file input37.pdb (PDB, C-alpha atoms, pLDDT in the B column)
ATOM      1  CA  MET A  16       0.803   2.302  20.930  1.00 82.00           C
ATOM      2  CA  GLU A  17       0.372   2.337  17.136  1.00 87.00           C
ATOM      3  CA  GLY A  18       2.969   3.397  14.618  1.00 93.00           C
ATOM      4  CA  SER A  19       4.960   2.578  11.545  1.00 96.00           C
ATOM      5  CA  ARG A  20       8.531   1.515  10.824  1.00 97.00           C
ATOM      6  CA  HIS A  21      10.636   0.279   7.930  1.00 98.00           C
ATOM      7  CA  ALA A  22      10.159  -3.434   7.271  1.00 98.00           C
ATOM      8  CA  GLN A  23      13.043  -5.743   8.116  1.00 97.00           C
ATOM      9  CA  ARG A  24      14.009  -9.171   6.822  1.00 96.00           C
ATOM     10  CA  ASP A  25      12.432 -10.906   9.813  1.00 96.00           C
ATOM     11  CA  ASP A  26       9.061  -9.324   8.887  1.00 97.00           C
ATOM     12  CA  ALA A  27       8.902 -11.413   5.685  1.00 96.00           C
ATOM     13  CA  GLU A  28       6.497 -14.073   6.942  1.00 96.00           C
ATOM     14  CA  ARG A  29       4.138 -11.510   8.475  1.00 97.00           C
ATOM     15  CA  CYS A  30       4.230  -9.319   5.342  1.00 96.00           C
ATOM     16  CA  GLY A  31       3.367 -12.381   3.260  1.00 95.00           C
ATOM     17  CA  ALA A  32       0.394 -13.170   5.495  1.00 95.00           C
ATOM     18  CA  LEU A  33      -0.845  -9.569   5.348  1.00 96.00           C
ATOM     19  CA  SER A  34      -0.459  -9.555   1.576  1.00 93.00           C
ATOM     20  CA  ARG A  35      -2.562 -12.723   1.298  1.00 91.00           C
ATOM     21  CA  GLN A  36      -5.231 -11.159   3.538  1.00 92.00           C
ATOM     22  CA  ALA A  37      -5.290  -8.011   1.418  1.00 91.00           C
ATOM     23  CA  LEU A  38      -5.676 -10.026  -1.785  1.00 87.00           C
ATOM     24  CA  GLU A  39      -8.502 -12.099  -0.306  1.00 87.00           C
ATOM     25  CA  GLY A  40     -10.276  -9.012   1.010  1.00 85.00           C
ATOM     26  CA  VAL A  41     -10.167  -7.092  -2.249  1.00 84.00           C
ATOM     27  CA  GLN A  42     -11.574  -9.972  -4.356  1.00 82.00           C
ATOM     28  CA  GLU A  43     -15.161  -9.313  -3.260  1.00 82.00           C
ATOM     29  CA  ALA A  44     -15.133  -5.564  -3.943  1.00 86.00           C
ATOM     30  CA  ARG A  45     -16.396  -4.098  -7.193  1.00 88.00           C
ATOM     31  CA  GLY A  46     -13.414  -4.164  -9.561  1.00 84.00           C
ATOM     32  CA  GLY A  47     -11.355  -5.957  -6.931  1.00 84.00           C
ATOM     33  CA  ALA A  48     -10.480  -9.128  -8.827  1.00 84.00           C
ATOM     34  CA  LEU A  49      -8.923  -7.211 -11.732  1.00 83.00           C
ATOM     35  CA  PHE A  50      -7.284  -4.748  -9.315  1.00 83.00           C
ATOM     36  CA  ALA A  51      -5.730  -7.674  -7.425  1.00 79.00           C
ATOM     37  CA  ARG A  52      -4.261  -9.116 -10.618  1.00 79.00           C
ATOM     38  CA  ARG A  53      -3.238  -5.897 -12.337  1.00 79.00           C
ATOM     39  CA  GLU A  54      -2.366  -3.223  -9.775  1.00 77.00           C
ATOM     40  CA  MET A  55      -1.600  -5.284  -6.656  1.00 73.00           C
ATOM     41  CA  GLY A  56      -0.374  -8.438  -8.339  1.00 70.00           C
ATOM     42  CA  LEU A  57       3.367  -7.922  -8.546  1.00 77.00           C
ATOM     43  CA  ILE A  58       3.770  -6.629  -5.004  1.00 84.00           C
ATOM     44  CA  ALA A  59       1.476  -9.263  -3.517  1.00 81.00           C
ATOM     45  CA  LYS A  60       3.267 -12.060  -5.373  1.00 79.00           C
ATOM     46  CA  ALA A  61       6.633 -10.729  -4.284  1.00 86.00           C
ATOM     47  CA  LEU A  62       5.626 -10.611  -0.625  1.00 91.00           C
ATOM     48  CA  VAL A  63       4.227 -14.155  -0.519  1.00 88.00           C
ATOM     49  CA  ARG A  64       7.278 -15.736  -2.180  1.00 89.00           C
ATOM     50  CA  PRO A  65      10.478 -16.649  -0.349  1.00 91.00           C
ATOM     51  CA  GLY A  66      12.985 -13.811  -0.697  1.00 92.00           C
ATOM     52  CA  GLY A  67      10.352 -11.435  -2.065  1.00 92.00           C
ATOM     53  CA  LEU A  68      10.591  -8.942   0.761  1.00 95.00           C
ATOM     54  CA  ASP A  69      14.389  -8.960   0.433  1.00 95.00           C
ATOM     55  CA  ARG A  70      14.065  -8.009  -3.257  1.00 94.00           C
ATOM     56  CA  LEU A  71      11.674  -5.164  -2.453  1.00 95.00           C
ATOM     57  CA  LEU A  72      13.917  -3.903   0.350  1.00 97.00           C
ATOM     58  CA  ALA A  73      16.924  -3.935  -1.995  1.00 96.00           C
ATOM     59  CA  ASP A  74      15.166  -1.740  -4.591  1.00 96.00           C
ATOM     60  CA  PRO A  75      16.201   1.895  -3.963  1.00 97.00           C
ATOM     61  CA  ARG A  76      13.037   3.128  -5.711  1.00 97.00           C
ATOM     62  CA  ARG A  77      10.819   1.358  -3.167  1.00 97.00           C
ATOM     63  CA  VAL A  78       9.938   1.581   0.494  1.00 98.00           C
ATOM     64  CA  VAL A  79       8.258  -1.126   2.546  1.00 98.00           C
ATOM     65  CA  LEU A  80       6.772  -0.094   5.884  1.00 98.00           C
ATOM     66  CA  VAL A  81       4.973  -2.134   8.509  1.00 98.00           C
ATOM     67  CA  GLY A  82       2.283  -0.763  10.784  1.00 98.00           C
ATOM     68  CA  THR A  83       2.336  -1.836  14.408  1.00 97.00           C
ATOM     69  CA  VAL A  84       0.218  -1.881  17.537  1.00 97.00           C
ATOM     70  CA  ASP A  85       2.280  -2.522  20.664  1.00 94.00           C
ATOM     71  CA  ASP A  86       5.157  -3.835  18.482  1.00 93.00           C
ATOM     72  CA  THR A  87       2.878  -6.371  16.746  1.00 97.00           C
ATOM     73  CA  VAL A  88       2.842  -6.017  12.935  1.00 98.00           C
ATOM     74  CA  VAL A  89      -0.764  -5.482  11.814  1.00 98.00           C
ATOM     75  CA  GLY A  90      -0.349  -3.607   8.522  1.00 97.00           C
ATOM     76  CA  LEU A  91       1.948  -2.783   5.652  1.00 97.00           C
ATOM     77  CA  ALA A  92       2.523  -0.175   2.982  1.00 97.00           C
ATOM     78  CA  VAL A  93       4.641  -0.389  -0.155  1.00 97.00           C
ATOM     79  CA  GLY A  94       5.531   2.601  -2.305  1.00 97.00           C
ATOM     80  CA  ARG A  95       7.730   3.288  -5.289  1.00 97.00           C
ATOM     81  CA  VAL A  96       9.142   6.392  -6.948  1.00 98.00           C
ATOM     82  CA  GLU A  97       8.174   6.696 -10.598  1.00 97.00           C
ATOM     83  CA  GLU A  98       9.829   9.112 -12.998  1.00 96.00           C
ATOM     84  CA  VAL A  99       7.276  11.007 -15.089  1.00 93.00           C
ATOM     85  CA  GLY A 100       9.222  13.133 -17.517  1.00 93.00           C
ATOM     86  CA  GLU A 101      11.480  15.338 -15.432  1.00 94.00           C
ATOM     87  CA  VAL A 102       9.502  14.955 -12.189  1.00 95.00           C
ATOM     88  CA  SER A 103       9.131  12.136  -9.703  1.00 97.00           C
ATOM     89  CA  VAL A 104       5.772  10.882  -8.458  1.00 97.00           C
ATOM     90  CA  GLY A 105       5.244   8.540  -5.533  1.00 97.00           C
ATOM     91  CA  VAL A 106       2.996   5.558  -6.177  1.00 96.00           C
ATOM     92  CA  LEU A 107       1.388   3.826  -3.213  1.00 96.00           C
ATOM     93  CA  GLU A 108       1.406   0.220  -4.409  1.00 94.00           C
ATOM     94  CA  ALA A 109      -0.146  -1.304  -1.293  1.00 93.00           C
ATOM     95  CA  CYS A 110      -1.586  -0.133   1.997  1.00 95.00           C
ATOM     96  CA  TYR A 111      -3.350  -2.661   4.198  1.00 95.00           C
ATOM     97  CA  VAL A 112      -4.246  -2.941   7.869  1.00 97.00           C
ATOM     98  CA  GLU A 113      -5.897  -6.002   9.413  1.00 96.00           C
ATOM     99  CA  PRO A 114      -9.605  -5.364  10.051  1.00 95.00           C
ATOM    100  CA  ASP A 115      -9.282  -5.844  13.825  1.00 95.00           C
ATOM    101  CA  ALA A 116      -6.538  -3.187  13.973  1.00 96.00           C
ATOM    102  CA  ARG A 117      -8.362  -0.505  11.985  1.00 95.00           C
ATOM    103  CA  GLY A 118      -9.591   2.726  13.477  1.00 92.00           C
ATOM    104  CA  VAL A 119      -6.673   3.245  15.869  1.00 95.00           C
ATOM    105  CA  GLY A 120      -4.311   5.192  13.594  1.00 95.00           C
ATOM    106  CA  VAL A 121      -2.143   2.483  12.022  1.00 97.00           C
ATOM    107  CA  GLY A 122      -3.271   3.242   8.456  1.00 96.00           C
ATOM    108  CA  ARG A 123      -2.743   6.957   8.972  1.00 97.00           C
ATOM    109  CA  ALA A 124       0.741   6.337  10.429  1.00 97.00           C
ATOM    110  CA  LEU A 125       1.629   4.223   7.390  1.00 97.00           C
ATOM    111  CA  LEU A 126       0.319   6.887   4.990  1.00 97.00           C
ATOM    112  CA  ASP A 127       2.088   9.736   6.780  1.00 97.00           C
ATOM    113  CA  ASP A 128       5.399   7.866   6.825  1.00 98.00           C
ATOM    114  CA  VAL A 129       5.250   6.743   3.202  1.00 98.00           C
ATOM    115  CA  VAL A 130       4.370  10.319   2.141  1.00 98.00           C
ATOM    116  CA  ALA A 131       7.338  11.602   4.187  1.00 98.00           C
ATOM    117  CA  TRP A 132       9.580   9.061   2.422  1.00 98.00           C
ATOM    118  CA  PHE A 133       8.305  10.235  -0.995  1.00 98.00           C
ATOM    119  CA  THR A 134       8.869  13.858   0.036  1.00 98.00           C
ATOM    120  CA  SER A 135      12.463  13.081   1.046  1.00 98.00           C
ATOM    121  CA  ARG A 136      13.039  11.706  -2.457  1.00 97.00           C
ATOM    122  CA  GLY A 137      11.793  14.855  -4.165  1.00 97.00           C
ATOM    123  CA  CYS A 138       8.436  13.543  -5.366  1.00 98.00           C
ATOM    124  CA  ARG A 139       5.991  16.193  -6.561  1.00 97.00           C
ATOM    125  CA  GLY A 140       2.917  14.177  -5.605  1.00 96.00           C
ATOM    126  CA  VAL A 141       1.617  10.768  -4.575  1.00 97.00           C
ATOM    127  CA  ASP A 142      -0.908   8.553  -6.370  1.00 96.00           C
ATOM    128  CA  ALA A 143      -2.950   5.974  -4.467  1.00 95.00           C
ATOM    129  CA  SER A 144      -5.864   3.788  -5.560  1.00 92.00           C
ATOM    130  CA  ALA A 145      -9.190   3.071  -3.876  1.00 91.00           C
ATOM    131  CA  LEU A 146     -11.832   0.771  -5.281  1.00 90.00           C
ATOM    132  CA  PRO A 147     -15.341   2.083  -6.011  1.00 89.00           C
ATOM    133  CA  GLY A 148     -17.521   1.789  -2.949  1.00 87.00           C
ATOM    134  CA  ASP A 149     -14.562   1.414  -0.561  1.00 89.00           C
ATOM    135  CA  ARG A 150     -15.574   4.390   1.543  1.00 92.00           C
ATOM    136  CA  GLU A 151     -13.235   3.449   4.399  1.00 92.00           C
ATOM    137  CA  THR A 152     -10.120   3.651   2.198  1.00 93.00           C
ATOM    138  CA  LYS A 153     -11.336   6.768   0.397  1.00 94.00           C
ATOM    139  CA  SER A 154     -11.976   8.491   3.732  1.00 94.00           C
ATOM    140  CA  LEU A 155      -8.517   7.529   5.015  1.00 95.00           C
ATOM    141  CA  PHE A 156      -6.885   8.986   1.901  1.00 95.00           C
ATOM    142  CA  GLU A 157      -8.981  12.166   2.021  1.00 95.00           C
ATOM    143  CA  ALA A 158      -8.158  12.685   5.710  1.00 95.00           C
ATOM    144  CA  ALA A 159      -4.472  12.454   4.741  1.00 95.00           C
ATOM    145  CA  GLY A 160      -4.894  15.196   2.101  1.00 95.00           C
ATOM    146  CA  PHE A 161      -5.458  13.108  -1.038  1.00 96.00           C
ATOM    147  CA  LYS A 162      -7.922  14.252  -3.716  1.00 95.00           C
ATOM    148  CA  ALA A 163      -9.211  12.436  -6.785  1.00 92.00           C
ATOM    149  CA  ARG A 164      -6.973  13.079  -9.798  1.00 90.00           C
ATOM    150  CA  LEU A 165      -8.270  10.437 -12.175  1.00 88.00           C
ATOM    151  CA  ILE A 166     -11.233   8.096 -12.280  1.00 87.00           C
ATOM    152  CA  THR A 167     -10.645   4.947 -14.301  1.00 84.00           C
ATOM    153  CA  MET A 168     -13.723   3.648 -16.087  1.00 86.00           C
ATOM    154  CA  HIS A 169     -13.960  -0.023 -17.095  1.00 82.00           C
ATOM    155  CA  ARG A 170     -16.334  -2.067 -19.245  1.00 81.00           C
ATOM    156  CA  THR A 171     -16.326  -5.847 -19.008  1.00 82.00           C
ATOM    157  CA  LEU A 172     -16.500  -7.601 -22.375  1.00 92.00           C
ATOM    158  CA  GLY A 173     -17.744 -11.043 -23.268  1.00 86.00           C
TER     159      GLY A 173
END
call {"tool": "encode", "arguments": {"input": "input37.pdb", "output": "structure tokens"}}
result
Amino acid sequence: MEGSRHAQRDDAERCGALSRQALEGVQEARGGALFARREMGLIAKALVRPGGLDRLLADPRRVVLVGTVDDTVVGLAVGRVEEVGEVSVGVLEACYVEPDARGVGVGRALLDDVVAWFTSRGCRGVDASALPGDRETKSLFEAAGFKARLITMHRTLG
């Protein structure tokens, strides 16, 4: 059975491996290399370093969830609460499920649980990123009620 739960200290090695897989997978996508360095970089680096998961778990503005199939960790999600003026917005910093475990509801369980966590903290909305051409991620977000709020345009120089 698939599901989601809060990450625990003994998930550190698995979270690090999933983070490395996510970084490798995103490199080939359009805009992925910059996305990996800029938007995913801090979380990915934290999860692959010793003690990184502990630091994320200790941050009251963050939540780290793991997605499971039959108690095996196959995915992760990391979110943080960001204050924007007088309102709070949830920011989905990472959401990744191993390719072999996709299509069975793990990603949706992670999204639903991270959104519930943001809701419990009074967030007015949730922002999540999908790379151009990543139809699978965009479809997952849309099925969970997300709509485009901003499209970031980029021009490579040099």
call {"tool": "atom_distance", "arguments": {"input": "input37.pdb", "atom1": "CA of Leu33 (chain A)", "atom2": "CA of Thr167 (chain A)"}}
result
26.3 Å
call {"tool": "closest_atom_pairs", "arguments": {"input": "input37.pdb", "of": "region 107-165 of chain A", "to": "region 69-80 of chain A", "cutoff": "9 Å", "atoms": "only C-alpha atoms", "output": "Markdown table"}}
result
| residue | atom | partner | partner_atom | distance |
| --- | --- | --- | --- | --- |
| A:Leu125 | CA | A:Leu80 | CA | 6.9 |
| A:Asp128 | CA | A:Leu80 | CA | 8.1 |
| A:Val129 | CA | A:Val78 | CA | 7.5 |
| A:Trp132 | CA | A:Val78 | CA | 7.7 |
| A:Phe133 | CA | A:Val78 | CA | 8.9 |
call {"tool": "resolve_selection", "arguments": {"input": "input37.pdb", "expression": "the PyMOL selection byres ((chain A and resi 93) around 7)", "output": "PyMOL selection string"}}
result
chain A and resi 78-80+91-92+94+107-110
call {"tool": "atom_distance", "arguments": {"input": "input37.pdb", "atom1": "CA of Gly67 (chain A)", "atom2": "CA of Arg20 (chain A)"}}
result
18.4 Å
call {"tool": "atom_distance", "arguments": {"input": "input37.pdb", "atom1": "CA of Met16 (chain A)", "atom2": "CA of Ile58 (chain A)"}}
result
27.6 Å
call {"tool": "closest_residue", "arguments": {"input": "input37.pdb", "among": "A:Gln23, A:Ser154, A:Ser103, A:Thr171", "to": "Gly140 (chain A)", "atoms": "only C-alpha atoms"}}
result
A:Ser103
call {"tool": "closest_residue", "arguments": {"input": "input37.pdb", "among": "A:Leu146, A:Ser34, A:Gln42, A:Gly160", "to": "Leu57 (chain A)", "atoms": "all atoms listed in the file"}}
result
A:Ser34
call {"tool": "closest_residue", "arguments": {"input": "input37.pdb", "among": "A:Gly18, A:Gly118, A:Gly105, A:Gly46", "to": "Pro147 (chain A)", "atoms": "all atoms listed in the file"}}
result
A:Gly46
call {"tool": "closest_residue", "arguments": {"input": "input37.pdb", "among": "A:Ser19, A:Leu155, A:Ala32, A:Tyr111", "to": "Ala131 (chain A)", "atoms": "only C-alpha atoms"}}
result
A:Ser19
call {"tool": "closest_residue", "arguments": {"input": "input37.pdb", "among": "A:Val112, A:Val63, A:Leu172, A:Val84", "to": "Ala37 (chain A)", "atoms": "all atoms listed in the file"}}
result
A:Val112
call {"tool": "closest_residue", "arguments": {"input": "input37.pdb", "among": "A:Val121, A:Ala51, A:Leu68, A:Val88", "to": "Glu17 (chain A)", "atoms": "only C-alpha atoms"}}
result
A:Val121
call {"tool": "resolve_selection", "arguments": {"input": "input37.pdb", "expression": "the PyMOL selection byres ((chain A and resi 104) around 8)", "output": "CSV table (one decimal) with C-alpha atoms, keeping the file's coordinate frame"}}
result
chain,number,residue,atom,x,y,z
A,96,VAL,CA,9.1,6.4,-6.9
A,97,GLU,CA,8.2,6.7,-10.6
A,98,GLU,CA,9.8,9.1,-13.0
A,99,VAL,CA,7.3,11.0,-15.1
A,102,VAL,CA,9.5,15.0,-12.2
A,103,SER,CA,9.1,12.1,-9.7
A,105,GLY,CA,5.2,8.5,-5.5
A,106,VAL,CA,3.0,5.6,-6.2
A,133,PHE,CA,8.3,10.2,-1.0
A,138,CYS,CA,8.4,13.5,-5.4
A,139,ARG,CA,6.0,16.2,-6.6
A,140,GLY,CA,2.9,14.2,-5.6
A,141,VAL,CA,1.6,10.8,-4.6
A,142,ASP,CA,-0.9,8.6,-6.4
call {"tool": "axis_aligned_box", "arguments": {"input": "input37.pdb", "around": "region 50-53 of chain A", "padding_each_side": "4 Å", "output": "AutoDock Vina command-line options"}}
result
--center_x -5.3 --center_y -6.9 --center_z -9.9 --size_x 12.0 --size_y 12.4 --size_z 12.9
